[in-house]
Amino acid sequence: MHGRVKVKSTAQQEEEKRKEREKKLKIYVTARDACFSKRKEGIWDDEALQLTQQLLSSNPDFATLWNYRREILMHLETVKDKDEVQKIYEAELLFLEACLKVNPKSYGSWHHRGWVSARLPRPDWTRELSLCDRCLSIDDRNFHCWDYRRVVVKMSGVPVDQELEFTDRLIGSNFSNYSSWHYRSTLLPLLHPESPEPPSPCHEPPQTSPPPSPQIHSHRVCEEQLLKEYELVQNAFFTDPNDQSAWFYYRWLLGRAEREEMISCVYVSRDEERVAVAFSRPVNAQLVGLMLVLDGQPQRVEWRSVHPRFKHSPVWICDLPPGTISDITNEHNLTVHWTEKHTHRDCALYTGRTESWCRDSATDQELFRSELSVEKTSVLQSELQSCNQLQELEPLNKWCLLTIILLMRALDPLGYEKETLAHFQTLKEVDSMRAAYYSDLCSKFMIENTILKMEYAEVRVFSMSDKNLTTLCHLDQLLLVTHINLSCNQLQRLPPQFAMLQCLEVLEADNNAIESLEGVYHLPKLEEVLLKNNNISTLADLQPLATCPKLKRLDLRGNPVTQTANIESELAELLPSVTDLLL
Amino acid sequence: MAAEDLPSEFDIVILGTGLAESVVAAACSRVGQRVLHLDRRSHYAANWASFTFNGLLTWIQEHHEESQPEELQDWSSLLEEGEELIYLNPSDSASIRNLQVFCFTSEKDEEEEAQSAVPPSTTEEEKGEAADDTVDETESADPKEEESEEKPEETAAGQEGQGAQTAGEGPEVDQSHPSVAQSQSEPTRKKISYAQLVKEGRRFNIDLVSKLMYSRGSLVDLLIKSNVSRYAEFKNVTRILTYRHGNVEQVPCSRADVFASRQLSVVEKRKLMRFLTSCVEETEEQQAFTGRPYLDFLRDQQLGDNLQHFLLHSIAMVTEDTPTEVGLASTRHFLRCLGRYGNTPFLFPVYGLGEIPQCFCRMCAVFGGIYCLRHSVHCLLVDKDSNRCKAVIDSRGQRISCNHFVVEDGYVEANRKNVATPTRFISRAVLITDASVLPSGSDQHVSMVTVPPIAAGSPAVKMVELCPSSMTCMSGTYLVHLTCQSVGSSYQDLSPVVTKLFHTPESHDQEHRPSVLWCLYFNMADGDGTQVQGHNLPSNVYLCSGPDADLGHDHAIRQAELIFQKILPEEDFCPPAPNPEDIIYDGDGTSFPEEEEKQEEELVEEQEVQTEE
């Protein structure tokens, strides 16, 4: 048709583009080679500066060139006066801005900017801050920029309250922003530190208040501010309950202080002439300066973890020199010192007793509330109410359900057990991709509850049959248990941690899906192991049992291993102590 | 361009430079048609135009003057055998009426004149009746001064006698009673004087029609598809506001708004968000309400009064008796547009809406279209046998042959149009104010304000408040557009809303509201009802209507596409324009208009990419 605009064909355009690219490549390669040879010769001149600039503006991720450039700039610093250096670096900042426009996430450019800013004789931090703000307004998740911004804030001493306002602004424009929420969590404890005495106002300078009790970690926020934060974050998760960033921040707000590091239990057994020590967190006892004093005499003992797999473990054992405590008519006083933490625990072994222990019970320590807060019950109660309100509106929201479970655990783990189980059931249905995670979590909570119940009852029997357990945990808390019943669950293994059950005599684990007995390892008192209807398939799987010297009764009925040829004779050889074998 | 320079043969002649005509022009020119595009007026964009303050004053003046009907010349000498003539409407039609202008600020700077205001003058009839007006207790400024302040454009009222009807209820203040009462004066707020408005008049770009661009509306899609977007820049509308219980409130419509809202409880936030996300899909629950009012549906969803208000008036922008399916469709459109470019569904072109038709004209010119302003067509030459327009005779008596003729409906005699009878009108008001209706941290907001009917039978009013950074008003002022479907005259429809939302001489206890410095009321014919093909018009003559009352531009774009498809059924409508460097220029040196302004290129796409990342 006449008059129609003629446009180059695709092939023509391609051809032109190709030529263009070739030309560019040639220029690029020439410049690169020139740079390399100049650097080799140690030339630090303006031409080199220009060449690197030319290359870096098209490819800002060329680290070698940035290095060369820094060499040149450092050389110029030595030959120019201060004002000239200032000018050179200011030009460098402008150039960097152009590079960041090409690639706002270039490691090289951001790193170089940090380097330049630090060397600039008269830095203009306000400008840098506004550059960061501009970058973040374009992409509020650019972590390079977040990193650089932290440097700028630190160097220029931006007041904490201004930074908090900055996070307000970012969260206001889009609250799906982990960086901003996280930044908040670092700012709030600085701006509104928790006051140890409730009546004093929270802005009281920290130095006048007594040091926080060792139980409480300093990353805490005063209650007045906390309530405001609860409100803010509730606005976020009521607006969009499927956004996880707000929920994570909420978990942080509700989060409890870290537990004090201490020796939670010392156990001594006369028969084995052995001491077992439990810590509040896994440690490497060989490195932390652990000292055992028996009747006033420091002992040279070798600490070992309960299983060779563990370098760090919450439970450590040692054998006393033979004969030191074996006489039942003697009374002994034992102290374990954790010199690094200036803490210790005593334990007395009285005449006529074969064993003794000293410990804090899980109930005393409110141990299993550690997921959530030390807040007042009233605060948690009202948070639970809000979440329940949300759950009514959004019955299938997983974040809400999970938070409700956590709040219930913080408030009254045993009282809310039934509701908790029901919520877990819903969670597994609505979020089936993570059903196994919820099962494990549920197992953990049920174990915690059982430990609490056991301790209230002051018994050494841990019974959890038919509870859909998929995993075992908190085994360090079971150091003193003599009888454990795990029958009719969905366990697949008795993990190495199981070796922490140093007092165990009877293990009942019928009707699970256990394949591995790795953790039934060097249990000195273990006599009876019931493993009917499990998944043990080879003799090698039974190997760990050979380390338990007192094992007498073993039930392996309904396991594939029983089909092995010569099973009886093989077992007699492997486990000579077993007298009562059921196959 | 002189008449003798015009070629005598075109594929398409287009008369009128409104939006639909300009889009047709661009689309035709783009695919190689020879286009002649004319407009009788001295400005582009017809009733879609934007004016500087002074330009608007001239426009007002022109509309007050009796337009002189051009003498009908007899062009039969140019007739060829088998042809007949159709004369076009020789004068500007009555698309604008009931013009009324009020100035509530002082003529000169305050140093000279303290707080006195320019009295708005009125028509003869009105002056007589305004004596018992409410604003008697006013301080008189120097009457002589006022005499001199009489501006020709301040004489108001329509040509059709409608003005006389409004006179009784009017706010018009008698000359001897300058409008600003002493008690209302605020010495602290330095008012911008009329003289300053005139002096800074170039800063204004005042739209005759007030619309916004839906981010996923047909206009934005077309601008992107055709690359016409490169000719303009756009700003986000930053806030959706509404008038409720006597206050202007922000409507939380995006996720960020809902999160930040202080008016909503957390439960309301959840309910609102849930409604907004759930209504995107059709459900049986919704279908059960088909035919029943949307308001009933909202009530059924357990949404409180405030949420009902937001959803009905500000998001769906419908009335209480709108059926559910219409309300939902409108809500969905709003939501689809949300978040594409910002926190609201709307864009506004920097420098005003008048830019848009001009962008399309520019595209047309780039591809060879020829433009003449102050140049019209007097009559059409129609082949009797085929009933097709073969040629037109322009205002200089030249015969120009064409295959198709596209014309703004105002040029066509009423009896040849298919329009809704009686002609509907849009009520418009333009205010220059000194503050935002909802002051906030930033003073550079572009706000869309919905005002539900303030009394039974009153129209729902859409209001757009523009800030200086939209390049439509001088710094220190806001430009406010009010629009509604006419019930009465523009003044009757809109002044009650103005009185409630702003501080004017008639308002009471409203000092905290923004003051109106200057305002204009007028009615414009509603282009909604016009059909593309007219009565008794040749089959290759197509009518483009003027602006309609809707907030978006869909009507005009749809119309343009329809016309294009009738003219060139085989051709693509506005395919992407090639990059300038890809255009092959003829060896004979035919110069092509070079496309500059690279920095503006692909603005729309760029923004899109960012928001989708």
# chains A, B, ... in the order shown; residues from 1 in each chain; ligands from 1
$ residues_around --residues "region 237-244 of chain A" --least-positions-apart "4" --cutoff "10 Å" --atoms "only C-alpha atoms" --output "mmCIF file with N, CA and C atoms, in the first residue's frame"
data_model
loop_
_atom_site.group_PDB
_atom_site.id
_atom_site.type_symbol
_atom_site.label_atom_id
_atom_site.label_comp_id
_atom_site.auth_asym_id
_atom_site.auth_seq_id
_atom_site.Cartn_x
_atom_site.Cartn_y
_atom_site.Cartn_z
ATOM 1 N N PHE A 175 4.315 -3.911 53.483
ATOM 2 C CA PHE A 175 4.768 -4.563 54.710
ATOM 3 C C PHE A 175 5.336 -5.952 54.474
ATOM 4 N N SER A 176 5.313 -6.434 53.238
ATOM 5 C CA SER A 176 5.974 -7.714 52.959
ATOM 6 C C SER A 176 7.458 -7.456 52.788
ATOM 7 N N ASN A 177 8.123 -7.145 53.851
ATOM 8 C CA ASN A 177 9.503 -6.721 53.737
ATOM 9 C C ASN A 177 10.278 -7.190 54.959
ATOM 10 N N TYR A 178 10.891 -8.336 54.824
ATOM 11 C CA TYR A 178 11.640 -8.895 55.953
ATOM 12 C C TYR A 178 12.714 -7.932 56.446
ATOM 13 N N LEU A 232 0.728 -2.830 65.589
ATOM 14 C CA LEU A 232 1.214 -2.638 64.213
ATOM 15 C C LEU A 232 1.208 -3.959 63.446
ATOM 16 N N VAL A 233 1.760 -4.966 64.083
ATOM 17 C CA VAL A 233 1.920 -6.220 63.370
ATOM 18 C C VAL A 233 0.564 -6.912 63.198
ATOM 19 N N PHE A 248 6.469 -13.646 61.208
ATOM 20 C CA PHE A 248 7.789 -13.892 61.776
ATOM 21 C C PHE A 248 8.174 -12.800 62.768
ATOM 22 N N TYR A 249 7.837 -11.568 62.404
ATOM 23 C CA TYR A 249 8.129 -10.473 63.324
ATOM 24 C C TYR A 249 7.342 -10.653 64.617
ATOM 25 N N TYR A 250 6.113 -11.093 64.455
ATOM 26 C CA TYR A 250 5.260 -11.339 65.613
ATOM 27 C C TYR A 250 5.892 -12.390 66.524
ATOM 28 N N SER A 386 -6.956 -12.058 70.061
ATOM 29 C CA SER A 386 -6.905 -11.471 68.716
ATOM 30 C C SER A 386 -6.741 -12.560 67.670
ATOM 31 N N CYS A 387 -5.826 -13.480 67.952
ATOM 32 C CA CYS A 387 -5.576 -14.527 66.966
ATOM 33 C C CYS A 387 -6.800 -15.425 66.798
ATOM 34 N N GLN A 389 -9.786 -14.448 67.102
ATOM 35 C CA GLN A 389 -10.718 -13.633 66.312
ATOM 36 C C GLN A 389 -10.389 -13.764 64.821
ATOM 37 N N LEU A 390 -9.107 -13.682 64.535
ATOM 38 C CA LEU A 390 -8.682 -13.810 63.150
ATOM 39 C C LEU A 390 -8.975 -15.218 62.633
ATOM 40 N N GLN A 391 -8.774 -16.178 63.509
ATOM 41 C CA GLN A 391 -8.979 -17.554 63.074
ATOM 42 C C GLN A 391 -10.447 -17.820 62.754
ATOM 43 N N LEU A 393 -12.357 -15.652 61.372
ATOM 44 C CA LEU A 393 -12.551 -15.098 60.033
ATOM 45 C C LEU A 393 -11.831 -15.927 58.976
ATOM 46 N N GLU A 394 -10.684 -16.457 59.363
ATOM 47 C CA GLU A 394 -9.853 -17.208 58.420
ATOM 48 C C GLU A 394 -9.526 -18.569 59.021
ATOM 49 N N ASN A 397 -6.228 -20.422 57.890
ATOM 50 C CA ASN A 397 -4.935 -19.763 57.737
ATOM 51 C C ASN A 397 -3.877 -20.416 58.608
ATOM 52 N N LYS A 398 -2.824 -20.916 57.974
ATOM 53 C CA LYS A 398 -1.858 -21.726 58.713
ATOM 54 C C LYS A 398 -1.045 -20.901 59.698
ATOM 55 N N TRP A 399 -0.705 -19.672 59.296
ATOM 56 C CA TRP A 399 0.120 -18.853 60.186
ATOM 57 C C TRP A 399 -0.625 -18.557 61.475
ATOM 58 N N CYS A 400 -1.906 -18.276 61.283
ATOM 59 C CA CYS A 400 -2.733 -17.948 62.436
ATOM 60 C C CYS A 400 -2.834 -19.170 63.359
ATOM 61 N N ARG B 255 -3.627 -2.759 49.489
ATOM 62 C CA ARG B 255 -3.157 -3.476 50.657
ATOM 63 C C ARG B 255 -2.433 -2.521 51.621
ATOM 64 N N ALA B 256 -1.571 -1.666 51.052
ATOM 65 C CA ALA B 256 -0.824 -0.731 51.902
ATOM 66 C C ALA B 256 -1.773 0.235 52.613
ATOM 67 N N ASP B 257 -2.807 0.700 51.895
ATOM 68 C CA ASP B 257 -3.787 1.611 52.501
ATOM 69 C C ASP B 257 -4.506 0.938 53.656
ATOM 70 N N VAL B 258 -4.939 -0.290 53.404
ATOM 71 C CA VAL B 258 -5.704 -0.989 54.442
ATOM 72 C C VAL B 258 -4.828 -1.173 55.669
ATOM 73 N N PHE B 259 -3.592 -1.564 55.438
ATOM 74 C CA PHE B 259 -2.653 -1.743 56.547
ATOM 75 C C PHE B 259 -2.505 -0.454 57.340
ATOM 76 N N ALA B 260 -2.371 0.662 56.626
ATOM 77 C CA ALA B 260 -2.065 1.921 57.303
ATOM 78 C C ALA B 260 -3.304 2.614 57.869
ATOM 79 N N SER B 265 -10.924 -0.985 62.176
ATOM 80 C CA SER B 265 -10.438 -1.928 63.173
ATOM 81 C C SER B 265 -9.774 -3.089 62.438
ATOM 82 N N VAL B 266 -9.008 -3.889 63.180
ATOM 83 C CA VAL B 266 -8.326 -4.993 62.502
ATOM 84 C C VAL B 266 -9.334 -5.957 61.880
ATOM 85 N N VAL B 267 -10.449 -6.147 62.539
ATOM 86 C CA VAL B 267 -11.451 -7.066 61.991
ATOM 87 C C VAL B 267 -12.038 -6.488 60.700
ATOM 88 N N GLU B 268 -12.287 -5.176 60.707
ATOM 89 C CA GLU B 268 -12.790 -4.544 59.474
ATOM 90 C C GLU B 268 -11.763 -4.662 58.353
ATOM 91 N N LYS B 269 -10.503 -4.529 58.739
ATOM 92 C CA LYS B 269 -9.448 -4.667 57.729
ATOM 93 C C LYS B 269 -9.517 -6.040 57.070
ATOM 94 N N ARG B 270 -9.664 -7.050 57.920
ATOM 95 C CA ARG B 270 -9.729 -8.411 57.400
ATOM 96 C C ARG B 270 -10.943 -8.583 56.494
ATOM 97 N N LYS B 271 -12.080 -8.063 56.957
ATOM 98 C CA LYS B 271 -13.309 -8.209 56.167
ATOM 99 C C LYS B 271 -13.181 -7.518 54.825
ATOM 100 N N LEU B 272 -12.608 -6.323 54.850
ATOM 101 C CA LEU B 272 -12.458 -5.578 53.609
ATOM 102 C C LEU B 272 -11.513 -6.306 52.657
ATOM 103 N N MET B 273 -10.359 -6.710 53.194
ATOM 104 C CA MET B 273 -9.389 -7.399 52.337
ATOM 105 C C MET B 273 -9.991 -8.686 51.784
ATOM 106 N N ARG B 274 -10.736 -9.360 52.642
ATOM 107 C CA ARG B 274 -11.308 -10.618 52.188
ATOM 108 C C ARG B 274 -12.335 -10.380 51.085
#
$ interface_residues --of "chain A" --to "chain B" --cutoff "6 Å" --atoms "only C-alpha atoms" --output "mmCIF file with N, CA and C atoms, in the first residue's frame"
data_model
loop_
_atom_site.group_PDB
_atom_site.id
_atom_site.type_symbol
_atom_site.label_atom_id
_atom_site.label_comp_id
_atom_site.auth_asym_id
_atom_site.auth_seq_id
_atom_site.Cartn_x
_atom_site.Cartn_y
_atom_site.Cartn_z
ATOM 1 N N GLY A 3 2.325 4.954 0.640
ATOM 2 C CA GLY A 3 2.353 5.838 1.804
ATOM 3 C C GLY A 3 2.692 5.149 3.105
ATOM 4 N N ARG A 4 2.668 3.841 3.083
ATOM 5 C CA ARG A 4 2.946 3.137 4.332
ATOM 6 C C ARG A 4 4.423 3.287 4.709
ATOM 7 N N LYS A 6 7.958 2.431 5.668
ATOM 8 C CA LYS A 6 8.768 1.231 5.470
ATOM 9 C C LYS A 6 9.621 1.003 6.707
ATOM 10 N N VAL A 7 9.520 -0.193 7.212
ATOM 11 C CA VAL A 7 10.265 -0.519 8.418
ATOM 12 C C VAL A 7 11.242 -1.622 8.071
ATOM 13 N N LYS A 8 12.423 -1.525 8.660
ATOM 14 C CA LYS A 8 13.432 -2.552 8.404
ATOM 15 C C LYS A 8 12.909 -3.919 8.815
ATOM 16 N N SER A 173 4.573 1.383 53.120
ATOM 17 C CA SER A 173 4.328 1.285 51.682
ATOM 18 C C SER A 173 4.211 -0.171 51.237
ATOM 19 N N ASN A 174 4.898 -1.062 51.924
ATOM 20 C CA ASN A 174 4.727 -2.483 51.598
ATOM 21 C C ASN A 174 5.255 -3.298 52.769
ATOM 22 N N ASN A 235 -2.151 -5.273 62.595
ATOM 23 C CA ASN A 235 -2.709 -4.624 61.410
ATOM 24 C C ASN A 235 -2.210 -5.313 60.153
ATOM 25 N N ALA A 236 -0.955 -5.690 60.174
ATOM 26 C CA ALA A 236 -0.399 -6.358 58.992
ATOM 27 C C ALA A 236 -1.032 -7.725 58.798
ATOM 28 N N PHE A 238 -3.791 -8.986 59.958
ATOM 29 C CA PHE A 238 -5.228 -8.961 59.678
ATOM 30 C C PHE A 238 -5.466 -8.503 58.237
ATOM 31 N N THR A 239 -4.608 -7.600 57.757
ATOM 32 C CA THR A 239 -4.766 -7.145 56.380
ATOM 33 C C THR A 239 -4.440 -8.272 55.409
#
$ residues_around --residues "region 486-497 of chain A" --least-positions-apart "6" --cutoff "7 Å" --atoms "only C-alpha atoms" --output "PDB file with C-alpha atoms, in the first residue's frame"
ATOM      1  CA  HIS A 307      27.587 -40.925  71.405  1.00  0.00           C
ATOM      2  CA  SER A 463       5.111 -43.292  78.772  1.00  0.00           C
ATOM      3  CA  MET A 464       3.915 -42.094  75.382  1.00  0.00           C
ATOM      4  CA  SER A 465       2.225 -44.913  73.614  1.00  0.00           C
ATOM      5  CA  ASP A 466      -0.173 -44.364  70.750  1.00  0.00           C
ATOM      6  CA  LYS A 467       0.437 -40.620  70.329  1.00  0.00           C
ATOM      7  CA  ASN A 468       1.417 -40.463  66.638  1.00  0.00           C
ATOM      8  CA  LEU A 469       4.968 -39.581  67.507  1.00  0.00           C
ATOM      9  CA  THR A 470       7.113 -39.111  64.425  1.00  0.00           C
ATOM     10  CA  THR A 471      10.256 -37.903  66.101  1.00  0.00           C
ATOM     11  CA  LEU A 475      16.006 -36.636  75.260  1.00  0.00           C
ATOM     12  CA  GLU A 508       9.277 -50.557  75.008  1.00  0.00           C
ATOM     13  CA  ALA A 509       8.925 -49.600  71.377  1.00  0.00           C
ATOM     14  CA  ASP A 510       6.560 -52.149  69.865  1.00  0.00           C
ATOM     15  CA  ASN A 511       4.540 -51.307  66.780  1.00  0.00           C
ATOM     16  CA  ASN A 512       6.587 -48.500  65.276  1.00  0.00           C
ATOM     17  CA  ALA A 513       8.501 -48.394  62.025  1.00  0.00           C
ATOM     18  CA  ILE A 514      11.941 -48.394  63.574  1.00  0.00           C
ATOM     19  CA  GLU A 515      14.778 -49.220  61.198  1.00  0.00           C
ATOM     20  CA  SER A 516      17.724 -47.942  63.156  1.00  0.00           C
ATOM     21  CA  LEU A 517      18.797 -48.442  66.765  1.00  0.00           C
ATOM     22  CA  GLU A 518      21.764 -46.121  66.560  1.00  0.00           C
ATOM     23  CA  GLY A 519      20.934 -44.452  69.857  1.00  0.00           C
TER      24      GLY A 519
END
$ residues_around --residues "Arg558 (chain B)" --least-positions-apart "5" --cutoff "9 Å" --atoms "only C-alpha atoms" --output "mmCIF file with C-alpha atoms, in the first residue's frame"
data_model
loop_
_atom_site.group_PDB
_atom_site.id
_atom_site.type_symbol
_atom_site.label_atom_id
_atom_site.label_comp_id
_atom_site.auth_asym_id
_atom_site.auth_seq_id
_atom_site.Cartn_x
_atom_site.Cartn_y
_atom_site.Cartn_z
ATOM 1 C CA ALA B 20 -11.974 9.667 19.258
ATOM 2 C CA SER B 218 -8.638 0.673 27.050
ATOM 3 C CA HIS B 553 -12.028 6.837 28.438
ATOM 4 C CA ILE B 563 -14.926 3.584 13.185
#
$ residues_around --residues "Gly323 (chain A)" --least-positions-apart "3" --cutoff "8 Å" --atoms "only C-alpha atoms" --output "list in words"
Glu273, Ser326 and Asp327 of chain A
$ write_last_selection --atoms "C-alpha atoms" --output "short mmCIF file (atom, residue, chain, number, x, y, z; two decimals), in the first residue's frame"
data_model
loop_
_atom_site.label_atom_id
_atom_site.label_comp_id
_atom_site.auth_asym_id
_atom_site.auth_seq_id
_atom_site.Cartn_x
_atom_site.Cartn_y
_atom_site.Cartn_z
CA GLU A 273 31.37 -45.34 88.99
CA SER A 326 32.34 -48.07 94.97
CA ASP A 327 32.08 -48.61 98.72
#
$ atom_distance --atom1 "CA of Leu320 (chain A)" --atom2 "CA of Leu334 (chain A)"
11.2 Å
$ atom_distance --atom1 "CA of Thr564 (chain A)" --atom2 "CA of Ser577 (chain A)"
20.3 Å
$ select_by_dssp --residues "region 150-383 of chain B" --states "helix (DSSP H, G or I)" --output "number ranges by chain"
B: 152-154, 162-169, 182-184, 194-199, 201-203, 218-226, 228-231, 255-260, 266-278, 284-287, 294-300, 305-315, 324-337, 355-366
$ atom_distance --atom1 "CA of Ala48 (chain A)" --atom2 "CA of Ile88 (chain A)"
14.0 Å
$ residues_around --residues "Tyr350 (chain A)" --least-positions-apart "2" --cutoff "9 Å" --atoms "only C-alpha atoms" --output "PyMOL selection string"
chain A and resi 328-333+348+352-356
$ write_last_selection --atoms "C-alpha atoms" --output "compact mmCIF listing (two decimals), in the first residue's frame"
# COMPACT_ATOMS: atom_id res chain seq x y z
CA ILE A 328 28.41 -48.29 99.55
CA THR A 329 29.12 -47.38 103.17
CA ASN A 330 30.83 -44.16 102.14
CA GLU A 331 29.20 -40.81 101.60
CA HIS A 332 30.57 -38.59 98.83
CA ASN A 333 30.18 -34.97 97.85
CA ALA A 348 25.71 -35.70 97.36
CA GLY A 352 23.63 -46.95 101.22
CA ARG A 353 22.50 -45.30 97.97
CA THR A 354 23.56 -46.65 94.60
CA GLU A 355 22.86 -43.47 92.74
CA SER A 356 22.07 -39.83 93.27
$ select_by_dssp --residues "region 454-538 of chain B" --states "strand (DSSP E)" --output "ChimeraX atom specification"
/B:461-466,478-485,516-525
$ write_last_selection --atoms "C-alpha atoms" --output "compact mmCIF listing (two decimals), in the first residue's frame"
# COMPACT_ATOMS: atom_id res chain seq x y z
CA VAL B 461 -20.24 13.79 42.16
CA LYS B 462 -16.74 12.77 41.12
CA MET B 463 -14.06 15.18 42.09
CA VAL B 464 -10.41 15.22 41.10
CA GLU B 465 -7.97 17.38 43.00
CA LEU B 466 -4.72 18.11 41.18
CA TYR B 478 -4.89 23.15 43.80
CA LEU B 479 -7.01 22.62 40.74
CA VAL B 480 -10.26 20.86 41.52
CA HIS B 481 -12.57 19.36 38.92
CA LEU B 482 -16.11 18.33 39.79
CA THR B 483 -18.18 16.26 37.42
CA CYS B 484 -21.61 14.68 37.53
CA GLN B 485 -24.43 13.70 35.29
CA VAL B 516 -12.03 28.73 46.63
CA LEU B 517 -10.12 31.46 44.84
CA TRP B 518 -11.86 31.22 41.52
CA CYS B 519 -14.41 28.94 40.03
CA LEU B 520 -16.21 28.13 36.83
CA TYR B 521 -19.42 26.20 36.33
CA PHE B 522 -20.67 24.93 33.00
CA ASN B 523 -22.64 22.18 31.38
CA MET B 524 -21.31 20.11 28.53
CA ALA B 525 -23.31 17.86 26.26
$ closest_residue --among "B:Ser278, B:Gln565, B:Asn403, B:Thr450" --to "Tyr243 (chain B)" --atoms "only C-alpha atoms"
B:Thr450
$ residues_around --residues "Glu47 (chain A)" --least-positions-apart "5" --cutoff "10 Å" --atoms "only C-alpha atoms" --output "count of residues only"
4
$ closest_residue --among "B:Gly410, B:Gly217, B:Pro252, B:Pro452" --to "Pro90 (chain B)" --atoms "only C-alpha atoms"
B:Gly410
$ closest_residue --among "B:Ala329, B:Ile86, B:Leu431, B:Val446" --to "Leu381 (chain B)" --atoms "only C-alpha atoms"
B:Ile86
$ closest_residue --among "B:Thr283, B:Ser330, B:Thr344, B:Ser395" --to "Leu312 (chain B)" --atoms "only C-alpha atoms"
B:Ser330
$ decode --residues "region 223-247 of chain A" --atoms "C-alpha atoms" --output "PDB file, in the first residue's frame"
ATOM      1  CA  GLU A 223       6.205  -3.210  77.464  1.00  0.00           C
ATOM      2  CA  GLU A 224       4.645   0.067  76.354  1.00  0.00           C
ATOM      3  CA  GLN A 225       6.442  -0.129  73.021  1.00  0.00           C
ATOM      4  CA  LEU A 226       5.765  -3.838  72.740  1.00  0.00           C
ATOM      5  CA  LEU A 227       2.044  -3.198  72.913  1.00  0.00           C
ATOM      6  CA  LYS A 228       2.368  -0.688  70.082  1.00  0.00           C
ATOM      7  CA  GLU A 229       4.309  -3.210  68.054  1.00  0.00           C
ATOM      8  CA  TYR A 230       1.687  -5.858  68.658  1.00  0.00           C
ATOM      9  CA  GLU A 231      -0.882  -3.443  67.274  1.00  0.00           C
ATOM     10  CA  LEU A 232       1.214  -2.638  64.213  1.00  0.00           C
ATOM     11  CA  VAL A 233       1.920  -6.220  63.370  1.00  0.00           C
ATOM     12  CA  GLN A 234      -1.680  -7.222  63.959  1.00  0.00           C
ATOM     13  CA  ASN A 235      -2.709  -4.624  61.410  1.00  0.00           C
ATOM     14  CA  ALA A 236      -0.399  -6.358  58.992  1.00  0.00           C
ATOM     15  CA  PHE A 237      -1.588  -9.879  59.559  1.00  0.00           C
ATOM     16  CA  PHE A 238      -5.228  -8.961  59.678  1.00  0.00           C
ATOM     17  CA  THR A 239      -4.766  -7.145  56.380  1.00  0.00           C
ATOM     18  CA  ASP A 240      -2.978 -10.048  54.791  1.00  0.00           C
ATOM     19  CA  PRO A 241      -2.815 -13.165  56.944  1.00  0.00           C
ATOM     20  CA  ASN A 242      -0.933 -15.025  54.238  1.00  0.00           C
ATOM     21  CA  ASP A 243       2.062 -12.743  54.366  1.00  0.00           C
ATOM     22  CA  GLN A 244       4.656 -14.494  56.469  1.00  0.00           C
ATOM     23  CA  SER A 245       6.990 -11.583  57.161  1.00  0.00           C
ATOM     24  CA  ALA A 246       4.578 -10.069  59.667  1.00  0.00           C
ATOM     25  CA  TRP A 247       4.057 -13.408  61.372  1.00  0.00           C
TER      26      TRP A 247
END
